[in-house]
file work-v5.txt (compact mmCIF, C-alpha atoms)
# COMPACT_ATOMS: atom_id res chain seq x y z
CA MET A 1 59.20 67.01 30.92
CA SER A 2 61.52 68.04 28.14
CA GLU A 3 63.65 65.49 26.30
CA CYS A 4 66.81 67.25 27.57
CA ARG A 5 65.69 66.86 31.18
CA LEU A 6 65.08 63.14 30.67
CA VAL A 7 68.52 62.76 29.13
CA THR A 8 70.14 64.68 32.00
CA GLU A 9 68.50 62.35 34.53
CA GLN A 10 69.94 59.30 32.79
CA LEU A 11 73.29 60.79 31.89
CA THR A 12 75.32 58.73 34.36
CA SER A 13 73.64 55.44 33.43
CA PHE A 14 74.22 56.32 29.76
CA VAL A 15 77.92 57.13 30.23
CA ASP A 16 78.37 54.03 32.42
CA GLU A 17 76.65 51.94 29.71
CA GLN A 18 74.01 50.68 32.11
CA LEU A 19 70.93 51.47 29.99
CA ASP A 20 69.00 48.98 27.91
CA ALA A 21 69.48 49.13 24.15
CA THR A 22 66.17 50.86 23.45
CA ARG A 23 66.76 53.75 25.81
CA ARG A 24 70.37 54.03 24.70
CA VAL A 25 69.36 54.41 21.05
CA GLU A 26 66.74 57.03 22.01
CA ILE A 27 69.37 59.09 23.83
CA GLU A 28 71.89 58.76 21.00
CA ARG A 29 69.24 59.99 18.59
CA HIS A 30 68.54 63.00 20.84
CA LEU A 31 72.25 63.78 21.12
CA GLU A 32 72.60 64.02 17.34
CA GLY A 33 70.41 67.12 17.37
CA CYS A 34 71.20 68.65 20.79
CA MET A 35 74.53 70.36 21.31
CA ALA A 36 73.94 71.15 25.02
CA CYS A 37 73.33 67.48 25.86
CA ARG A 38 76.27 66.40 23.69
CA SER A 39 78.45 68.79 25.65
CA ALA A 40 77.16 67.40 28.97
CA VAL A 41 77.88 63.84 27.83
CA ALA A 42 81.40 64.85 26.71
CA GLY A 43 82.07 66.47 30.07
CA GLU A 44 80.80 63.54 32.09
CA ARG A 45 82.58 60.99 29.92
CA GLY A 46 85.80 63.05 30.13
CA GLY A 47 85.67 63.13 33.93
CA GLN A 48 84.88 59.43 34.09
CA THR A 49 87.68 58.46 31.69
CA VAL A 50 90.36 60.56 33.33
CA LEU A 51 89.50 59.12 36.75
CA ARG A 52 89.37 55.52 35.58
CA GLN A 53 92.64 55.81 33.68
CA HIS A 54 94.38 57.17 36.76
CA ALA A 55 92.48 55.02 39.29
CA GLN A 56 95.30 52.63 40.05
CA ARG A 57 97.79 55.41 40.74
CA LEU A 58 95.23 57.39 42.76
CA ARG A 59 94.76 54.34 44.97
CA ASP A 60 98.52 54.10 45.53
CA GLU A 61 98.73 56.42 48.50
CA PRO A 62 101.74 55.47 50.65
CA LEU A 63 100.73 54.51 54.19
CA PRO A 64 102.13 56.72 56.97
CA PRO A 65 104.96 55.07 58.90
CA GLY A 66 103.61 53.00 61.75
CA LEU A 67 99.97 52.82 60.61
CA ARG A 68 100.17 49.24 59.37
CA SER A 69 101.98 47.99 62.46
CA ARG A 70 99.52 49.81 64.74
CA CYS A 71 96.58 48.21 62.91
CA GLU A 72 98.28 44.81 63.07
CA SER A 73 98.72 45.31 66.79
CA LEU A 74 95.01 46.11 67.11
CA VAL A 75 94.20 42.88 65.30
CA HIS A 76 96.52 40.83 67.52
CA GLU A 77 95.15 42.48 70.64
CA HIS A 78 91.60 41.80 69.50
CA ALA A 79 92.42 38.17 68.77
CA ARG A 80 94.06 37.87 72.19
CA ALA A 81 91.06 39.46 73.93
CA ALA A 82 88.69 37.09 72.11
CA GLY A 83 90.51 34.21 73.78
CA VAL A 84 90.04 35.39 77.38
CA PRO A 85 87.16 34.21 79.62
CA GLY A 86 83.72 35.74 79.12
CA TRP A 87 83.60 37.62 82.44
CA ARG A 88 86.81 39.43 81.52
CA ARG A 89 85.47 40.29 78.06
CA THR A 90 82.42 41.94 79.62
CA LEU A 91 84.47 43.64 82.31
CA VAL A 92 86.63 45.55 79.83
CA PRO A 93 83.74 47.22 77.94
CA THR A 94 82.07 48.02 81.25
CA VAL A 95 85.17 49.71 82.59
CA LEU A 96 85.59 51.50 79.26
CA SER A 97 81.97 52.69 79.39
CA VAL A 98 82.52 54.09 82.87
CA ILE A 99 85.66 55.84 81.66
CA LEU A 100 83.82 57.29 78.66
CA LEU A 101 80.98 58.39 80.95
CA VAL A 102 83.47 60.25 83.11
CA PHE A 103 84.98 61.73 79.97
CA THR A 104 81.61 62.94 78.69
CA ALA A 105 80.59 64.35 82.05
CA SER A 106 83.84 66.21 82.38
CA ALA A 107 83.49 67.57 78.83
CA ILE A 108 80.06 68.94 79.75
CA PHE A 109 81.62 70.72 82.65
CA SER A 110 84.32 72.28 80.51
CA LEU A 111 84.10 75.52 82.43
CA ALA A 112 84.79 73.65 85.61
CA THR A 113 87.71 71.99 83.85
CA ARG A 114 89.41 75.31 83.51
CA ARG A 115 89.18 75.94 87.23
CA SER A 116 89.38 72.60 89.00
CA ASP A 117 92.59 70.57 89.07
CA ALA A 118 90.62 67.48 90.12
CA VAL A 119 88.27 67.72 87.12
CA LEU A 120 91.19 68.39 84.77
CA ALA A 121 93.01 65.34 86.13
CA ALA A 122 89.85 63.20 85.84
CA GLN A 123 89.27 64.22 82.23
CA LEU A 124 92.86 63.68 81.15
CA THR A 125 93.01 60.37 83.03
CA ALA A 126 89.92 59.30 81.06
CA ASP A 127 91.65 60.37 77.82
CA HIS A 128 94.78 58.49 78.88
CA SER A 129 92.85 55.26 79.49
CA LYS A 130 90.61 55.63 76.44
CA CYS A 131 93.43 56.34 73.97
CA PHE A 132 95.67 53.54 75.22
CA LYS A 133 92.76 51.09 75.24
CA LEU A 134 91.43 51.98 71.80
CA PHE A 135 94.51 52.92 69.85
CA VAL A 136 97.48 51.09 71.32
CA ALA A 137 97.63 47.35 71.33
CA GLY A 138 100.31 44.68 71.52
CA ASN A 139 103.80 46.00 70.89
CA PRO A 140 103.44 49.32 69.08
CA PRO A 141 106.39 50.68 67.05
CA VAL A 142 108.62 53.34 68.56
CA MET A 143 108.20 56.79 67.01
CA ASP A 144 110.81 59.42 66.31
CA ALA A 145 110.23 62.50 68.50
CA HIS A 146 111.52 64.91 65.88
CA GLU A 147 109.17 63.49 63.23
CA VAL A 148 106.26 63.76 65.68
CA GLU A 149 107.13 67.41 66.40
CA GLU A 150 107.26 68.15 62.66
CA MET A 151 103.93 66.40 62.08
CA LEU A 152 102.21 68.31 64.93
CA ALA A 153 103.54 71.62 63.56
CA ARG A 154 102.65 70.81 59.97
CA GLU A 155 99.20 69.32 60.50
CA TYR A 156 97.90 71.28 63.48
CA GLY A 157 100.21 74.27 63.90
CA TRP A 158 101.32 73.01 67.35
CA LYS A 159 104.92 73.83 68.16
CA ILE A 160 105.76 71.71 71.18
CA HIS A 161 108.82 69.87 72.37
CA VAL A 162 108.23 66.11 72.36
CA PRO A 163 110.55 64.30 74.78
CA PRO A 164 112.34 61.56 72.81
CA SER A 165 112.51 57.91 73.83
CA VAL A 166 115.19 57.02 76.35
CA ASP A 167 116.35 53.78 77.93
CA GLY A 168 113.27 52.37 79.67
CA LEU A 169 110.72 54.70 78.07
CA GLN A 170 109.46 54.60 74.49
CA LEU A 171 107.48 57.18 72.53
CA ILE A 172 104.69 55.14 70.92
CA GLY A 173 101.91 57.47 69.83
CA VAL A 174 100.39 60.91 69.51
CA ARG A 175 96.74 61.93 69.27
CA ARG A 176 94.51 64.97 69.59
CA CYS A 177 92.18 65.00 72.57
CA LEU A 178 89.33 67.27 73.54
CA TYR A 179 89.99 69.67 76.39
CA ALA A 180 87.45 72.34 77.44
CA ASP A 181 86.66 74.13 74.16
CA GLY A 182 89.48 72.85 71.99
CA LEU A 183 91.88 70.09 71.07
CA ILE A 184 95.23 69.46 72.74
CA PRO A 185 98.20 67.22 71.93
CA HIS A 186 98.36 63.91 73.79
CA VAL A 187 101.78 62.26 73.57
CA MET A 188 101.88 58.59 74.59
CA TYR A 189 104.76 56.61 76.09
CA ARG A 190 105.27 53.06 77.32
CA ALA A 191 107.73 52.28 80.08
CA ALA A 192 109.98 49.22 80.04
CA ASN A 193 107.72 47.45 82.55
CA GLY A 194 104.70 47.81 80.25
CA GLN A 195 103.08 50.70 82.14
CA ASP A 196 101.76 53.68 80.18
CA LEU A 197 102.47 57.39 80.53
CA SER A 198 100.70 60.31 78.85
CA LEU A 199 101.89 63.87 78.39
CA PHE A 200 99.24 66.52 77.66
CA VAL A 201 100.26 70.06 76.67
CA LEU A 202 97.82 72.94 77.22
CA ASN A 203 99.05 76.12 75.54
CA GLY A 204 97.90 79.43 76.99
CA VAL A 205 96.82 77.82 80.29
CA THR A 206 98.45 78.44 83.67
CA ARG A 207 98.06 76.31 86.81
CA ASN A 208 99.68 76.04 90.21
CA PRO A 209 101.88 72.95 90.50
CA THR A 210 99.75 70.01 91.68
CA ASP A 211 100.22 66.30 92.17
CA LEU A 212 97.05 64.25 92.71
CA VAL A 213 95.64 60.76 92.24
CA THR A 214 92.39 60.16 90.32
CA PHE A 215 90.92 56.78 89.31
CA GLY A 216 94.10 54.99 90.28
CA HIS A 217 96.26 57.28 88.17
CA ARG A 218 98.67 59.99 89.23
CA SER A 219 98.43 63.37 87.48
CA GLN A 220 101.31 65.79 87.84
CA ILE A 221 100.44 69.30 86.71
CA TRP A 222 102.91 72.16 86.26
CA THR A 223 103.21 75.36 84.22
CA LYS A 224 106.06 77.02 82.41
CA ASN A 225 105.94 80.02 80.06
CA ASN A 226 102.12 80.17 79.92
CA THR A 227 101.91 76.48 79.00
CA THR A 228 100.59 73.81 81.35
CA PHE A 229 101.91 70.26 81.22
CA VAL A 230 100.02 67.29 82.64
CA LEU A 231 101.75 63.95 83.04
CA VAL A 232 99.36 61.03 83.68
CA GLY A 233 100.60 57.59 84.71
CA PRO A 234 99.99 54.80 87.21
CA SER A 235 99.75 55.87 90.85
CA ASP A 236 101.96 53.00 91.99
CA GLU A 237 105.04 53.97 90.00
CA THR A 238 108.24 52.46 91.28
CA GLY A 239 111.81 51.96 90.13
CA ARG A 240 112.31 52.67 86.44
CA LEU A 241 108.85 54.21 85.99
CA ALA A 242 109.68 56.76 88.68
CA ASP A 243 112.90 57.48 86.74
CA ALA A 244 110.86 57.84 83.55
CA THR A 245 108.47 60.27 85.26
CA ARG A 246 111.37 62.39 86.49
CA TYR A 247 112.86 62.41 83.00
CA MET A 248 109.54 63.50 81.46
CA MET A 249 109.06 66.33 83.96
CA LYS A 250 112.57 67.55 83.30
CA GLU A 251 112.39 67.20 79.52
CA ALA A 252 108.79 68.20 78.62
CA ASP A 253 109.00 71.96 79.23
CA ARG A 254 112.42 72.51 77.69
CA MET B 1 107.00 44.02 86.60
CA PHE B 2 104.54 43.23 83.87
CA GLY B 3 105.08 40.19 81.65
CA ARG B 4 105.12 40.65 77.89
CA ARG B 5 101.72 39.92 76.38
CA GLN B 6 101.20 36.83 74.28
CA ARG B 7 100.37 37.74 70.68
CA ALA B 8 97.41 35.82 69.25
CA ALA B 9 97.32 34.84 65.59
CA PRO B 10 94.92 36.91 63.45
CA ASP B 11 92.17 34.99 61.62
CA THR B 12 91.03 35.18 58.00
CA PHE B 13 88.66 38.06 58.66
CA SER B 14 91.41 40.15 60.28
CA ASN B 15 93.89 39.35 57.53
CA GLU B 16 91.38 40.37 54.87
CA VAL B 17 90.64 43.61 56.73
CA LEU B 18 94.36 44.40 56.94
CA GLY B 19 94.60 43.77 53.19
CA TYR B 20 92.36 46.79 52.57
CA LEU B 21 94.51 49.25 54.53
CA GLU B 22 96.04 50.97 51.49
CA PRO B 23 92.80 51.64 49.57
CA LEU B 24 91.07 52.68 52.80
CA PHE B 25 93.86 55.17 53.48
CA ALA B 26 93.73 56.53 49.91
CA THR B 27 89.97 57.04 50.29
CA ALA B 28 90.46 58.60 53.73
CA MET B 29 92.97 61.02 52.20
CA ARG B 30 90.41 62.23 49.66
CA LEU B 31 87.75 62.48 52.37
CA THR B 32 89.82 64.41 54.87
CA ARG B 33 92.41 66.05 52.56
CA ASN B 34 94.80 65.79 55.48
CA ARG B 35 97.29 63.01 56.20
CA ALA B 36 97.00 63.05 59.99
CA ASP B 37 93.19 63.05 59.89
CA ALA B 38 93.23 60.26 57.31
CA GLU B 39 95.50 58.20 59.55
CA ASP B 40 93.19 58.72 62.53
CA LEU B 41 90.17 57.87 60.41
CA VAL B 42 91.63 54.58 59.16
CA GLN B 43 92.67 53.59 62.67
CA ASP B 44 89.18 54.39 64.02
CA THR B 45 87.68 52.39 61.15
CA MET B 46 89.88 49.44 62.06
CA VAL B 47 88.85 49.64 65.72
CA ARG B 48 85.16 49.67 64.76
CA ALA B 49 85.52 46.89 62.19
CA LEU B 50 87.10 44.62 64.81
CA ARG B 51 84.60 45.60 67.48
CA PHE B 52 81.56 45.06 65.26
CA ARG B 53 82.84 42.09 63.26
CA ASP B 54 79.87 40.02 64.44
CA ARG B 55 77.63 42.29 62.36
CA PHE B 56 79.43 41.41 59.15
CA GLU B 57 77.61 38.72 57.20
CA PRO B 58 80.09 36.19 55.78
CA GLY B 59 79.75 35.90 52.04
CA THR B 60 78.84 39.55 51.56
CA ASN B 61 81.22 42.24 50.33
CA LEU B 62 83.77 42.93 53.08
CA ARG B 63 85.33 45.82 51.16
CA ALA B 64 81.96 47.61 50.86
CA TRP B 65 81.29 46.96 54.57
CA LEU B 66 84.62 48.55 55.53
CA TYR B 67 84.02 51.57 53.29
CA THR B 68 80.60 52.01 54.90
CA ILE B 69 82.24 52.07 58.34
CA LEU B 70 84.86 54.53 57.06
CA HIS B 71 82.22 56.93 55.74
CA ASN B 72 79.98 56.58 58.81
CA THR B 73 82.94 57.32 61.05
CA TRP B 74 83.86 60.37 58.99
CA ARG B 75 80.26 61.65 59.01
CA ASN B 76 80.11 61.30 62.80
CA ARG B 77 83.38 63.10 63.16
CA ILE B 78 82.49 66.10 61.01
CA ARG B 79 79.15 66.27 62.77
CA ASP B 80 80.96 66.34 66.10
CA THR B 81 83.27 69.11 64.96
CA ALA B 82 80.48 71.16 63.36
CA ARG B 83 81.93 70.78 59.88
CA GLU B 84 78.70 69.32 58.49
CA ALA B 85 77.95 72.67 56.80
CA THR B 86 79.72 71.55 53.62
CA ASP B 87 77.54 68.49 53.39
CA VAL B 88 74.32 70.28 54.25
CA ASP B 89 75.01 72.75 51.47
CA SER B 90 75.50 70.00 48.93
CA GLU B 91 71.96 70.33 47.56
CA ARG B 92 72.59 74.01 46.90
CA ILE B 93 75.93 73.13 45.33
CA GLU B 94 74.17 70.60 43.13
CA GLU B 95 71.69 73.27 42.02
CA LEU B 96 74.49 75.62 41.10
CA ALA B 97 76.37 72.88 39.33
CA SER B 98 73.38 71.80 37.27
CA ARG B 99 73.63 74.72 34.87
CA PRO B 100 74.27 73.57 31.30
CA ASP B 101 77.91 73.34 30.31
CA GLY B 102 78.87 75.75 27.56
CA PRO B 103 80.62 74.17 24.60
CA ALA B 104 83.43 76.72 24.91
CA GLU B 105 84.45 75.21 28.27
CA LEU B 106 85.05 71.83 26.68
CA GLU B 107 87.02 72.86 23.64
CA THR B 108 90.19 71.06 24.70
CA PRO B 109 90.22 67.67 22.99
CA GLU B 110 89.27 65.03 25.54
CA ARG B 111 92.03 62.62 24.69
CA VAL B 112 94.76 65.27 24.86
CA LEU B 113 93.51 66.28 28.28
CA ILE B 114 93.40 62.73 29.59
CA ARG B 115 96.90 61.95 28.37
CA SER B 116 98.41 65.14 29.69
CA THR B 117 96.75 65.10 33.12
CA MET B 118 99.25 64.37 35.86
CA ASP B 119 98.27 62.58 39.06
CA VAL B 120 99.04 65.71 41.04
CA ASP B 121 96.74 67.87 38.84
CA LEU B 122 94.01 65.31 39.23
CA LYS B 123 94.32 65.11 43.01
CA GLU B 124 94.24 68.89 43.27
CA ALA B 125 91.18 69.10 41.01
CA LEU B 126 89.47 66.33 42.98
CA ASP B 127 90.19 68.05 46.28
CA GLU B 128 88.61 71.25 44.96
CA LEU B 129 85.28 69.49 44.27
CA PRO B 130 82.50 69.89 46.85
CA ASP B 131 82.77 67.05 49.41
CA ALA B 132 79.57 65.33 48.27
CA PHE B 133 80.68 65.20 44.62
CA ARG B 134 84.24 64.13 45.43
CA GLN B 135 83.05 61.20 47.57
CA ALA B 136 80.62 60.02 44.88
CA VAL B 137 83.03 60.10 41.91
CA TRP B 138 85.82 58.54 43.95
CA LEU B 139 83.68 55.61 45.06
CA ARG B 140 82.32 55.07 41.56
CA ASP B 141 85.29 55.64 39.25
CA VAL B 142 88.30 54.89 41.44
CA GLU B 143 86.88 52.23 43.77
CA GLU B 144 84.31 50.92 41.24
CA PHE B 145 81.43 50.43 43.66
CA SER B 146 77.85 50.07 42.38
CA TYR B 147 75.33 52.91 42.75
CA ALA B 148 73.49 50.89 45.42
CA GLU B 149 76.66 50.27 47.43
CA ILE B 150 77.58 53.95 47.28
CA ALA B 151 74.05 54.94 48.34
CA LYS B 152 74.43 52.76 51.44
CA MET B 153 77.87 54.15 52.25
CA LEU B 154 76.82 57.78 51.90
CA ASP B 155 73.35 57.20 53.37
CA VAL B 156 71.55 58.94 50.49
CA PRO B 157 69.09 57.71 47.79
CA ILE B 158 70.47 56.17 44.60
CA GLY B 159 69.12 59.08 42.53
CA THR B 160 71.18 61.50 44.60
CA VAL B 161 74.26 59.33 44.14
CA MET B 162 73.85 59.39 40.34
CA SER B 163 73.27 63.11 40.32
CA ARG B 164 76.42 63.68 42.41
CA ILE B 165 78.49 61.40 40.20
CA SER B 166 77.29 63.21 37.09
CA ARG B 167 78.00 66.67 38.44
CA GLY B 168 81.25 65.62 40.04
CA ARG B 169 82.58 64.18 36.80
CA ARG B 170 81.57 67.25 34.78
CA GLN B 171 83.00 69.69 37.32
CA LEU B 172 86.22 67.73 37.47
CA TYR B 173 86.55 67.75 33.70
CA GLU B 174 85.86 71.47 33.60
CA LYS B 175 88.51 72.16 36.22
CA LEU B 176 91.12 70.09 34.39
CA SER B 177 90.23 71.70 31.04
CA GLN B 178 90.41 75.15 32.58
CA ALA B 179 93.77 74.39 34.22
CA LYS B 180 95.19 73.24 30.88
CA THR B 181 93.86 76.33 29.10
CA ASP B 182 95.40 78.60 31.75
CA ALA B 183 98.73 76.79 31.46
CA GLN B 184 98.72 77.16 27.65
CA VAL B 185 97.96 80.87 27.95
CA ARG B 186 100.87 81.33 30.37
CA VAL B 187 103.26 79.49 28.06
CA SER B 188 102.22 81.48 24.98
CA ARG B 189 102.67 84.87 26.66

call {"tool": "encode", "arguments": {"input": "work-v5.txt", "output": "structure tokens"}}
result
Amino acid sequence: MSECRLVTEQLTSFVDEQLDATRRVEIERHLEGCMACRSAVAGERGGQTVLRQHAQRLRDEPLPPGLRSRCESLVHEHARAAGVPGWRRTLVPTVLSVILLVFTASAIFSLATRRSDAVLAAQLTADHSKCFKLFVAGNPPVMDAHEVEEMLAREYGWKIHVPPSVDGLQLIGVRRCLYADGLIPHVMYRAANGQDLSLFVLNGVTRNPTDLVTFGHRSQIWTKNNTTFVLVGPSDETGRLADATRYMMKEADR
Amino acid sequence: MFGRRQRAAPDTFSNEVLGYLEPLFATAMRLTRNRADAEDLVQDTMVRALRFRDRFEPGTNLRAWLYTILHNTWRNRIRDTAREATDVDSERIEELASRPDGPAELETPERVLIRSTMDVDLKEALDELPDAFRQAVWLRDVEEFSYAEIAKMLDVPIGTVMSRISRGRRQLYEKLSQAKTDAQVRVSR
């Protein structure tokens, strides 16, 4: 093996000053007579120095609004769950596993999803339960609908109307969920009584208006201008939640 | 009506995990190059860290453990969305990048370059590096992890880590040098 090859193999250790004195001196001696290796060392040292000198500022990436409070909520929720009786701790993962199983099965049958309202409702109900369980905990911060619309357009090219929070209903999250062969926006709301509502928007999909109950959740499906909207919430909605549902159905397809 | 849930106090582990949110997000930004994806990735990392906290051995490096979760989560995600191609091609990229650097490419004095590099130039140059090189130089030079810790995070041998760091640093320096040269040419015209 040539001396240059040996030097190349130990270049990073040399630049990071992690070699023993003997090997270091050998490499320095080689560098005196080898311009190609000197150039490689200069390049590597240059890259290392520029990164290390800017490291602190590179690490200073401002957190998106709401991320810290959402993570804090996750921590509080986790601490709260750790304090509940054992049988309840095992029940939650079991229920979640069943939900995920349904989700996976319905993803496999993505073709059926396009045709069957029941399968569509089952899949989106699974997404509704999964996302609220995994990503919303405690008292999440309220989000600004306009900012969410801008973020969806900027990051994913989705131009949808996001119904803003109103009295008794708060916009608390947005995620991307898998539907058939692609990803769709999932907008998450919490009603004043603590119950959760999800709005899914499927562009380029048409459906007949349907209202059905799957896994204890009510899915209301309707289409306007070649876009299908699915609102998923508890099946036993009463009082203000029923008001919230009516508001969402009126506002979503504006 | 549902009663408001009682909030439980977080423990030391949770507080320490929350303390790493900013650096985790900065790393997620360089991994994903997209703010929304980075946000999702950090949140998923947090969910997994809390769920698997029993697997963390007290007394070991919590920061390295969190970064390992972050990278594992990202690898799973790109595998799921069939974006692994970039990573699979990294060996080929490394071959291409291993050509000797010509002295002409490094004519700009190192110190001048380092002083004049703006954060925005550096982020752009970093984001243009192949994924495998960008991850390696970031973890080594910005986050200051050891070769062994990086190898565990990226799930590759230590030799591969060192090779990626070396090529990443050199490519980054070349890009910054080239950008400066181009800027000087534009000014002098």

call {"tool": "closest_residue", "arguments": {"input": "work-v5.txt", "among": "A:Gly47, A:Pro65, A:Gly233, A:Pro185", "to": "chain B", "atoms": "all atoms listed in the file"}}
result
A:Gly47

call {"tool": "closest_residue", "arguments": {"input": "work-v5.txt", "among": "B:Leu172, B:Ile78, B:Leu66, B:Ala49", "to": "Trp138 in chain B", "atoms": "all atoms listed in the file"}}
result
B:Leu172

call {"tool": "atom_distance", "arguments": {"input": "work-v5.txt", "atom1": "CA of Pro140 in chain A", "atom2": "CA of Pro64 in chain A"}}
result
14.3 Å

call {"tool": "atom_distance", "arguments": {"input": "work-v5.txt", "atom1": "CA of Asp16 in chain A", "atom2": "CA of Leu70 in chain B"}}
result
25.5 Å

call {"tool": "residues_around", "arguments": {"input": "work-v5.txt", "residues": "range 211-215 of chain A", "least_positions_apart": "3", "cutoff": "7 Å", "atoms": "all atoms listed in the file", "output": "PDB file with C-alpha atoms, keeping the file's coordinate frame"}}
result
ATOM      1  CA  ALA A 121      93.010  65.340  86.130  1.00  0.00           C
ATOM      2  CA  ALA A 122      89.850  63.200  85.840  1.00  0.00           C
ATOM      3  CA  ARG A 218      98.670  59.990  89.230  1.00  0.00           C
ATOM      4  CA  SER A 219      98.430  63.370  87.480  1.00  0.00           C
ATOM      5  CA  GLN A 220     101.310  65.790  87.840  1.00  0.00           C
ATOM      6  CA  ILE A 221     100.440  69.300  86.710  1.00  0.00           C
ATOM      7  CA  SER A 235      99.750  55.870  90.850  1.00  0.00           C
TER       8      SER A 235
END

call {"tool": "interface_residues", "arguments": {"input": "work-v5.txt", "of": "chain A", "to": "chain B", "cutoff": "8 Å", "atoms": "all atoms listed in the file", "output": "ChimeraX atom specification"}}
result
/A:9,11-13,35-36,39-40,42-52,54-64,67-68,71-72,74-80,134-135,138,151,155,193-195

call {"tool": "closest_residue", "arguments": {"input": "work-v5.txt", "among": "B:Ala136, B:Asp131, B:Gln178, B:Met153", "to": "Thr68 in chain B", "atoms": "all atoms listed in the file"}}
result
B:Met153

call {"tool": "atom_distance", "arguments": {"input": "work-v5.txt", "atom1": "CA of Asn226 in chain A", "atom2": "CA of Phe200 in chain A"}}
result
14.1 Å

call {"tool": "closest_residue", "arguments": {"input": "work-v5.txt", "among": "A:Tyr247, A:Tyr156, A:Phe14, A:Tyr179", "to": "Ala126 in chain A", "atoms": "only C-alpha atoms"}}
result
A:Tyr179

call {"tool": "closest_residue", "arguments": {"input": "work-v5.txt", "among": "A:Cys177, A:Val7, A:Val142, A:Val230", "to": "Val25 in chain A", "atoms": "all atoms listed in the file"}}
result
A:Val7

call {"tool": "residues_around", "arguments": {"input": "work-v5.txt", "residues": "Arg175 in chain A", "least_positions_apart": "6", "cutoff": "9 Å", "atoms": "only C-alpha atoms", "output": "PDB file with C-alpha atoms, in the frame of the given file"}}
result
ATOM      1  CA  CYS A 131      93.430  56.340  73.970  1.00  0.00           C
ATOM      2  CA  ILE A 184      95.230  69.460  72.740  1.00  0.00           C
ATOM      3  CA  PRO A 185      98.200  67.220  71.930  1.00  0.00           C
ATOM      4  CA  HIS A 186      98.360  63.910  73.790  1.00  0.00           C
ATOM      5  CA  VAL A 187     101.780  62.260  73.570  1.00  0.00           C
ATOM      6  CA  MET A 188     101.880  58.590  74.590  1.00  0.00           C
TER       7      MET A 188
ATOM      8  CA  ASP B  40      93.190  58.720  62.530  1.00  0.00           C
TER       9      ASP B  40
END

call {"tool": "closest_residue", "arguments": {"input": "work-v5.txt", "among": "A:Ala118, A:Cys34, A:Ile172, A:Leu183", "to": "Trp158 in chain A", "atoms": "all atoms listed in the file"}}
result
A:Leu183

call {"tool": "residues_around", "arguments": {"input": "work-v5.txt", "residues": "Thr206 in chain A", "least_positions_apart": "6", "cutoff": "7 Å", "atoms": "all atoms listed in the file", "output": "list in words"}}
result
Thr223, Asn226, Thr227 and Thr228 of chain A

call {"tool": "decode", "arguments": {"input": "work-v5.txt", "residues": "range 138-155 of chain B", "atoms": "C-alpha atoms", "output": "CSV table (one decimal), in the first residue's frame"}}
result
chain,number,residue,atom,x,y,z
B,138,TRP,CA,-22.5,17.5,11.6
B,139,LEU,CA,-22.3,14.9,14.4
B,140,ARG,CA,-18.6,15.2,14.6
B,141,ASP,CA,-17.8,18.9,14.2
B,142,VAL,CA,-21.0,20.6,15.4
B,143,GLU,CA,-22.3,18.2,18.0
B,144,GLU,CA,-18.8,16.9,18.9
B,145,PHE,CA,-19.6,13.2,19.3
B,146,SER,CA,-16.9,10.6,19.2
B,147,TYR,CA,-16.4,8.3,16.2
B,148,ALA,CA,-17.8,5.4,18.1
B,149,GLU,CA,-20.9,7.3,19.2
B,150,ILE,CA,-21.5,8.4,15.6
B,151,ALA,CA,-21.0,4.8,14.3
B,152,LYS,CA,-23.8,3.7,16.7
B,153,MET,CA,-26.1,6.5,15.7
B,154,LEU,CA,-25.7,5.9,11.9
B,155,ASP,CA,-25.4,2.1,12.3
